[in-house]
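To be precise, the following lines are my_file_29.pdb, and they hold PDB, C-alpha atoms, pLDDT in the B column.
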ATOM      1  CA  MET P  16      50.874 -48.650 -11.654  1.00 44.00           C
ATOM      2  CA  ALA P  17      50.607 -52.243 -10.404  1.00 43.00           C
ATOM      3  CA  CYS P  18      49.443 -52.962  -6.857  1.00 45.00           C
ATOM      4  CA  SER P  19      52.741 -54.557  -5.834  1.00 46.00           C
ATOM      5  CA  GLN P  20      54.664 -51.586  -7.223  1.00 46.00           C
ATOM      6  CA  ARG P  21      52.437 -49.250  -5.231  1.00 41.00           C
ATOM      7  CA  PHE P  22      53.103 -51.189  -2.033  1.00 45.00           C
ATOM      8  CA  ASN P  23      56.865 -51.058  -2.614  1.00 47.00           C
ATOM      9  CA  LEU P  24      56.608 -47.343  -3.306  1.00 42.00           C
ATOM     10  CA  MET P  25      54.636 -46.843  -0.084  1.00 41.00           C
ATOM     11  CA  GLU P  26      57.207 -48.779   1.936  1.00 47.00           C
ATOM     12  CA  SER P  27      60.101 -46.754   0.548  1.00 45.00           C
ATOM     13  CA  ARG P  28      58.252 -43.499   1.207  1.00 40.00           C
ATOM     14  CA  SER P  29      57.426 -44.422   4.785  1.00 42.00           C
ATOM     15  CA  ALA P  30      61.089 -45.206   5.447  1.00 47.00           C
ATOM     16  CA  ARG P  31      62.190 -41.758   4.254  1.00 43.00           C
ATOM     17  CA  PHE P  32      59.548 -39.386   5.610  1.00 42.00           C
ATOM     18  CA  SER P  33      58.303 -38.183   8.996  1.00 48.00           C
ATOM     19  CA  ASP P  34      55.279 -39.457  10.922  1.00 51.00           C
ATOM     20  CA  ASN P  35      52.860 -37.184   9.008  1.00 50.00           C
ATOM     21  CA  HIS P  36      53.947 -38.726   5.756  1.00 52.00           C
ATOM     22  CA  VAL P  37      53.740 -42.225   7.241  1.00 49.00           C
ATOM     23  CA  GLN P  38      50.079 -41.641   8.128  1.00 47.00           C
ATOM     24  CA  SER P  39      49.303 -40.451   4.617  1.00 48.00           C
ATOM     25  CA  CYS P  40      51.098 -43.517   3.221  1.00 49.00           C
ATOM     26  CA  ILE P  41      48.973 -45.775   5.429  1.00 45.00           C
ATOM     27  CA  ALA P  42      45.839 -44.102   4.066  1.00 40.00           C
ATOM     28  CA  GLU P  43      47.108 -44.631   0.519  1.00 48.00           C
ATOM     29  CA  ARG P  44      47.864 -48.281   1.315  1.00 47.00           C
ATOM     30  CA  LEU P  45      44.243 -48.728   2.426  1.00 39.00           C
ATOM     31  CA  ASN P  46      43.094 -47.210  -0.854  1.00 42.00           C
ATOM     32  CA  VAL P  47      45.313 -49.660  -2.738  1.00 46.00           C
ATOM     33  CA  ARG P  48      43.814 -52.541  -0.752  1.00 44.00           C
ATOM     34  CA  ILE P  49      40.323 -51.399  -1.695  1.00 38.00           C
ATOM     35  CA  ARG P  50      41.288 -51.232  -5.374  1.00 44.00           C
ATOM     36  CA  CYS P  51      42.917 -54.706  -5.361  1.00 54.00           C
ATOM     37  CA  ALA P  52      40.376 -56.573  -3.216  1.00 67.00           C
ATOM     38  CA  PRO P  53      37.410 -56.863  -5.633  1.00 78.00           C
ATOM     39  CA  PRO P  54      39.192 -58.795  -8.399  1.00 85.00           C
ATOM     40  CA  ASN P  55      40.802 -61.184  -5.885  1.00 89.00           C
ATOM     41  CA  LEU P  56      37.548 -62.009  -4.137  1.00 91.00           C
ATOM     42  CA  LEU P  57      35.690 -62.217  -7.442  1.00 91.00           C
ATOM     43  CA  THR P  58      38.278 -64.624  -8.855  1.00 92.00           C
ATOM     44  CA  PHE P  59      38.123 -66.770  -5.736  1.00 93.00           C
ATOM     45  CA  ARG P  60      34.310 -66.831  -5.862  1.00 93.00           C
ATOM     46  CA  LYS P  61      34.349 -68.027  -9.465  1.00 93.00           C
ATOM     47  CA  LEU P  62      36.722 -70.879  -8.569  1.00 93.00           C
ATOM     48  CA  LEU P  63      34.254 -72.266  -6.000  1.00 92.00           C
ATOM     49  CA  PRO P  64      33.168 -75.035  -6.023  1.00 91.00           C
ATOM     50  CA  PRO P  65      35.913 -76.646  -8.081  1.00 90.00           C
ATOM     51  CA  PRO P  66      34.925 -79.448 -10.488  1.00 88.00           C
ATOM     52  CA  GLY P  67      34.135 -82.627  -8.581  1.00 89.00           C
ATOM     53  CA  SER P  68      33.039 -80.795  -5.423  1.00 91.00           C
ATOM     54  CA  THR P  69      29.643 -79.782  -4.065  1.00 92.00           C
ATOM     55  CA  ASP P  70      28.483 -76.862  -1.956  1.00 93.00           C
ATOM     56  CA  ALA P  71      28.150 -79.141   1.078  1.00 95.00           C
ATOM     57  CA  ASP P  72      31.821 -80.245   1.027  1.00 96.00           C
ATOM     58  CA  ASN P  73      34.247 -79.002   3.669  1.00 96.00           C
ATOM     59  CA  PHE P  74      35.889 -75.801   2.457  1.00 96.00           C
ATOM     60  CA  TRP P  75      39.395 -76.424   3.815  1.00 96.00           C
ATOM     61  CA  THR P  76      39.572 -80.020   2.589  1.00 95.00           C
ATOM     62  CA  THR P  77      38.424 -78.973  -0.873  1.00 95.00           C
ATOM     63  CA  LEU P  78      40.926 -76.127  -0.956  1.00 94.00           C
ATOM     64  CA  ARG P  79      43.787 -78.414   0.034  1.00 94.00           C
ATOM     65  CA  GLU P  80      42.837 -81.264  -2.311  1.00 94.00           C
ATOM     66  CA  ARG P  81      41.519 -79.447  -5.383  1.00 92.00           C
ATOM     67  CA  LEU P  82      42.694 -75.824  -5.586  1.00 91.00           C
ATOM     68  CA  ASP P  83      46.169 -75.859  -4.013  1.00 91.00           C
ATOM     69  CA  PRO P  84      47.538 -78.410  -6.522  1.00 92.00           C
ATOM     70  CA  LEU P  85      46.564 -76.092  -9.392  1.00 88.00           C
ATOM     71  CA  LEU P  86      49.052 -73.491  -8.166  1.00 89.00           C
ATOM     72  CA  ALA P  87      51.940 -75.955  -8.412  1.00 90.00           C
ATOM     73  CA  GLU P  88      50.912 -77.447 -11.758  1.00 91.00           C
ATOM     74  CA  ARG P  89      50.176 -74.413 -13.921  1.00 92.00           C
ATOM     75  CA  GLU P  90      51.484 -71.027 -14.963  1.00 93.00           C
ATOM     76  CA  ARG P  91      48.077 -69.672 -15.999  1.00 94.00           C
ATOM     77  CA  LEU P  92      44.518 -70.635 -15.136  1.00 94.00           C
ATOM     78  CA  LEU P  93      41.202 -70.140 -16.903  1.00 93.00           C
ATOM     79  CA  VAL P  94      38.591 -68.597 -14.625  1.00 93.00           C
ATOM     80  CA  PRO P  95      35.031 -69.035 -15.946  1.00 93.00           C
ATOM     81  CA  ASP P  96      31.984 -66.764 -15.768  1.00 92.00           C
ATOM     82  CA  MET P  97      33.775 -63.531 -14.898  1.00 92.00           C
ATOM     83  CA  PRO P  98      31.492 -60.481 -15.345  1.00 91.00           C
ATOM     84  CA  VAL P  99      32.899 -58.379 -18.174  1.00 92.00           C
ATOM     85  CA  HIS P 100      31.381 -55.051 -17.034  1.00 88.00           C
ATOM     86  CA  LEU P 101      33.036 -55.340 -13.592  1.00 86.00           C
ATOM     87  CA  LEU P 102      36.384 -56.381 -15.020  1.00 88.00           C
ATOM     88  CA  ALA P 103      36.285 -53.475 -17.453  1.00 87.00           C
ATOM     89  CA  ASP P 104      35.943 -51.094 -14.497  1.00 83.00           C
ATOM     90  CA  LEU P 105      38.734 -52.829 -12.546  1.00 81.00           C
ATOM     91  CA  CYS P 106      41.062 -53.483 -15.491  1.00 81.00           C
ATOM     92  CA  ASP P 107      43.185 -50.355 -15.027  1.00 78.00           C
ATOM     93  CA  GLU P 108      43.886 -51.271 -11.392  1.00 76.00           C
ATOM     94  CA  LEU P 109      45.187 -54.781 -12.090  1.00 81.00           C
ATOM     95  CA  PRO P 110      48.902 -55.633 -12.146  1.00 82.00           C
ATOM     96  CA  TYR P 111      48.387 -57.789 -15.265  1.00 84.00           C
ATOM     97  CA  HIS P 112      46.756 -57.375 -18.652  1.00 86.00           C
ATOM     98  CA  LEU P 113      43.321 -58.777 -19.449  1.00 87.00           C
ATOM     99  CA  ASP P 114      41.905 -59.297 -22.911  1.00 86.00           C
ATOM    100  CA  LEU P 115      38.205 -58.682 -22.417  1.00 89.00           C
ATOM    101  CA  PRO P 116      35.571 -59.336 -25.065  1.00 88.00           C
ATOM    102  CA  ARG P 117      33.565 -56.374 -26.288  1.00 87.00           C
ATOM    103  CA  VAL P 118      30.355 -58.381 -26.541  1.00 88.00           C
ATOM    104  CA  GLY P 119      28.682 -60.438 -23.856  1.00 90.00           C
ATOM    105  CA  GLU P 120      28.131 -60.274 -20.142  1.00 93.00           C
ATOM    106  CA  LYS P 121      30.419 -63.101 -18.990  1.00 94.00           C
ATOM    107  CA  ALA P 122      33.876 -64.172 -20.095  1.00 92.00           C
ATOM    108  CA  VAL P 123      36.410 -66.882 -19.445  1.00 94.00           C
ATOM    109  CA  VAL P 124      39.527 -65.030 -18.327  1.00 93.00           C
ATOM    110  CA  THR P 125      43.070 -66.396 -18.384  1.00 93.00           C
ATOM    111  CA  LEU P 126      44.918 -65.233 -15.281  1.00 93.00           C
ATOM    112  CA  PRO P 127      48.574 -65.595 -14.335  1.00 92.00           C
ATOM    113  CA  ILE P 128      49.040 -68.074 -11.502  1.00 93.00           C
ATOM    114  CA  TYR P 129      50.276 -65.354  -9.126  1.00 90.00           C
ATOM    115  CA  ALA P 130      46.898 -63.616  -9.514  1.00 91.00           C
ATOM    116  CA  VAL P 131      45.117 -66.886  -8.735  1.00 93.00           C
ATOM    117  CA  ALA P 132      47.405 -67.410  -5.713  1.00 92.00           C
ATOM    118  CA  ALA P 133      46.578 -63.887  -4.488  1.00 90.00           C
ATOM    119  CA  ALA P 134      42.879 -64.657  -4.932  1.00 92.00           C
ATOM    120  CA  LEU P 135      43.212 -67.898  -2.958  1.00 93.00           C
ATOM    121  CA  ASP P 136      45.073 -66.054  -0.196  1.00 91.00           C
ATOM    122  CA  ALA P 137      42.384 -63.363  -0.013  1.00 91.00           C
ATOM    123  CA  GLY P 138      39.657 -65.997   0.125  1.00 91.00           C
ATOM    124  CA  CYS P 139      41.472 -67.959   2.824  1.00 93.00           C
ATOM    125  CA  ARG P 140      41.924 -64.834   4.956  1.00 92.00           C
ATOM    126  CA  MET P 141      38.224 -64.146   4.606  1.00 92.00           C
ATOM    127  CA  ALA P 142      37.318 -67.776   5.460  1.00 94.00           C
ATOM    128  CA  ASP P 143      39.647 -67.653   8.485  1.00 94.00           C
ATOM    129  CA  SER P 144      37.758 -64.633   9.777  1.00 93.00           C
ATOM    130  CA  MET P 145      34.457 -66.554   9.794  1.00 94.00           C
ATOM    131  CA  ARG P 146      33.334 -67.697  13.213  1.00 90.00           C
ATOM    132  CA  LYS P 147      33.032 -71.362  12.372  1.00 92.00           C
ATOM    133  CA  ARG P 148      35.210 -74.312  13.222  1.00 94.00           C
ATOM    134  CA  LYS P 149      37.310 -75.405  10.274  1.00 93.00           C
ATOM    135  CA  THR P 150      35.640 -78.824  10.280  1.00 94.00           C
ATOM    136  CA  ASP P 151      32.160 -77.219  10.049  1.00 95.00           C
ATOM    137  CA  LEU P 152      32.909 -74.673   7.330  1.00 96.00           C
ATOM    138  CA  THR P 153      31.285 -75.627   4.010  1.00 96.00           C
ATOM    139  CA  ILE P 154      31.808 -74.227   0.537  1.00 96.00           C
ATOM    140  CA  ALA P 155      28.249 -72.828   0.586  1.00 96.00           C
ATOM    141  CA  MET P 156      28.990 -70.814   3.755  1.00 96.00           C
ATOM    142  CA  VAL P 157      32.140 -69.359   2.222  1.00 96.00           C
ATOM    143  CA  GLN P 158      30.311 -68.566  -1.025  1.00 96.00           C
ATOM    144  CA  ALA P 159      27.602 -66.645   0.849  1.00 96.00           C
ATOM    145  CA  ARG P 160      30.215 -64.639   2.757  1.00 96.00           C
ATOM    146  CA  LEU P 161      32.197 -64.008  -0.441  1.00 94.00           C
ATOM    147  CA  ASP P 162      29.107 -62.652  -2.173  1.00 94.00           C
ATOM    148  CA  ARG P 163      28.545 -60.185   0.684  1.00 94.00           C
ATOM    149  CA  GLU P 164      32.217 -59.151   0.772  1.00 91.00           C
ATOM    150  CA  ILE P 165      32.354 -58.669  -3.004  1.00 89.00           C
ATOM    151  CA  GLU P 166      29.311 -56.392  -2.893  1.00 90.00           C
ATOM    152  CA  LYS P 167      30.819 -54.405  -0.009  1.00 89.00           C
ATOM    153  CA  GLU P 168      34.204 -54.041  -1.736  1.00 83.00           C
ATOM    154  CA  LEU P 169      32.612 -53.043  -5.050  1.00 82.00           C
ATOM    155  CA  ARG P 170      30.568 -50.328  -3.322  1.00 85.00           C
ATOM    156  CA  ALA P 171      33.769 -49.044  -1.694  1.00 82.00           C
ATOM    157  CA  PHE P 172      35.607 -49.199  -5.036  1.00 75.00           C
ATOM    158  CA  ARG P 173      32.891 -47.274  -6.848  1.00 76.00           C
ATOM    159  CA  GLY P 174      32.791 -44.719  -4.026  1.00 79.00           C
ATOM    160  CA  ASN P 175      36.560 -44.059  -4.343  1.00 71.00           C
ATOM    161  CA  ARG P 176      36.432 -43.371  -8.074  1.00 62.00           C
TER     162      ARG P 176
END

So, in terms of structure tokens, how does the structure I just supplied come out?
Amino acid sequence: MACSQRFNLMESRSARFSDNHVQSCIAERLNVRIRCAPPNLLTFRKLLPPPGSTDADNFWTTLRERLDPLLAERERLLVPDMPVHLLADLCDELPYHLDLPRVGEKAVVTLPIYAVAAALDAGCRMADSMRKRKTDLTIAMVQARLDREIEKELRAFRGNR
């Protein structure tokens, strides 16, 4: 079942059931977040830095000038260097279909633009939580934090399986 369908199901359940059921729905919603977080953060990490940018560039300026326009221009986006073994593990949890190669460690994956938008949103929420002024936040700082968050989320994902 797709992540968005699960969220809608959780919302309808919480509207119909008592407080005990609401608490169990909240726990399930957290499990859904854990299952959906790794591919979003991984996608966002692979989009940084965009072509024409360096690691020392301001994160928010680069996002506004280089990545945001892609969402308006395209219906699908190629994301390079995605690890096939991780995507194979996460593939059943995604709300879209991926054609993964059977050979090789990395793949270029074509994602629907809504998946890219969700990845950008997840990355922006994570960047917002960093204790740096927006003018001081570089792409390299966000990349380092993304790498740590991806590792943490993947450990949580593997622990819930």

* To do: Kindly give the distance, in Å, that separates CA of Val157 in chain P and CA of Arg89 in chain P, rounded to a single decimal.
  =>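 Pair CA of Val157 in chain P / CA of Arg89 in chain P returns 24.7 Å.
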
* Given the file shown, determine the residues that the PyMOL selection byres ((chain P and resi 168) around 9) selects; report them as number ranges by chain. => P: 49-50, 52-53, 56, 163-167, 169-173

* For Thr153 in chain P, work out the shell of residues within 7 Å, counting only C-alpha atoms and skipping chain neighbours fewer than 6 positions away, then give it as a ChimeraX atom specification. => /P:70-74

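Across P:His112, P:Leu126, P:Thr77, P:Pro66, the tightest approach to Val94 in chain P is made by P:Leu126 when counting all atoms listed in the file.
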
* Would you kindly translate the PyMOL selection byres ((chain P and resi 154) around 12) into the concrete residues it picks from this file, as a ChimeraX atom specification? => /P:59-60,62-65,68-78,138-139,142,149-153,155-161

* With all atoms listed in the file as the atoms that count, which of P:Leu57, P:Leu93, P:Leu101, P:Val118 lies nearest to Ala133 in chain P? -> P:Leu57

* Picked residues, the PyMOL selection byres ((chain P and resi 119) around 12), expected as a PyMOL selection string -> chain P and resi 96-100+115-118+120-123

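Rounded to one decimal, CA of Gly174 in chain P and CA of Arg146 in chain P lie 28.7 Å from each other.
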
Would you kindly return, as an mmCIF file with C-alpha atoms, in the frame of the given file, each protein, DNA or RNA residue with an atom no farther than 12 Å from any atom of Ile128 in chain P, considering only C-alpha atoms and excluding same-chain residues fewer than 6 positions away?
data_model
loop_
_atom_site.group_PDB
_atom_site.id
_atom_site.type_symbol
_atom_site.label_atom_id
_atom_site.label_comp_id
_atom_site.auth_asym_id
_atom_site.auth_seq_id
_atom_site.Cartn_x
_atom_site.Cartn_y
_atom_site.Cartn_z
ATOM 1 C CA THR P 58 38.278 -64.624 -8.855
ATOM 2 C CA LEU P 82 42.694 -75.824 -5.586
ATOM 3 C CA ASP P 83 46.169 -75.859 -4.013
ATOM 4 C CA PRO P 84 47.538 -78.410 -6.522
ATOM 5 C CA LEU P 85 46.564 -76.092 -9.392
ATOM 6 C CA LEU P 86 49.052 -73.491 -8.166
ATOM 7 C CA ALA P 87 51.940 -75.955 -8.412
ATOM 8 C CA GLU P 88 50.912 -77.447 -11.758
ATOM 9 C CA ARG P 89 50.176 -74.413 -13.921
ATOM 10 C CA GLU P 90 51.484 -71.027 -14.963
ATOM 11 C CA ARG P 91 48.077 -69.672 -15.999
ATOM 12 C CA LEU P 92 44.518 -70.635 -15.136
ATOM 13 C CA LEU P 93 41.202 -70.140 -16.903
ATOM 14 C CA VAL P 94 38.591 -68.597 -14.625
ATOM 15 C CA TYR P 111 48.387 -57.789 -15.265
ATOM 16 C CA ALA P 134 42.879 -64.657 -4.932
ATOM 17 C CA LEU P 135 43.212 -67.898 -2.958
#

* Asked: What is the distance, in Å and to one decimal place, between CA of Leu113 in chain P and CA of Arg140 in chain P?
  ->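 It comes out at 25.2 Å.
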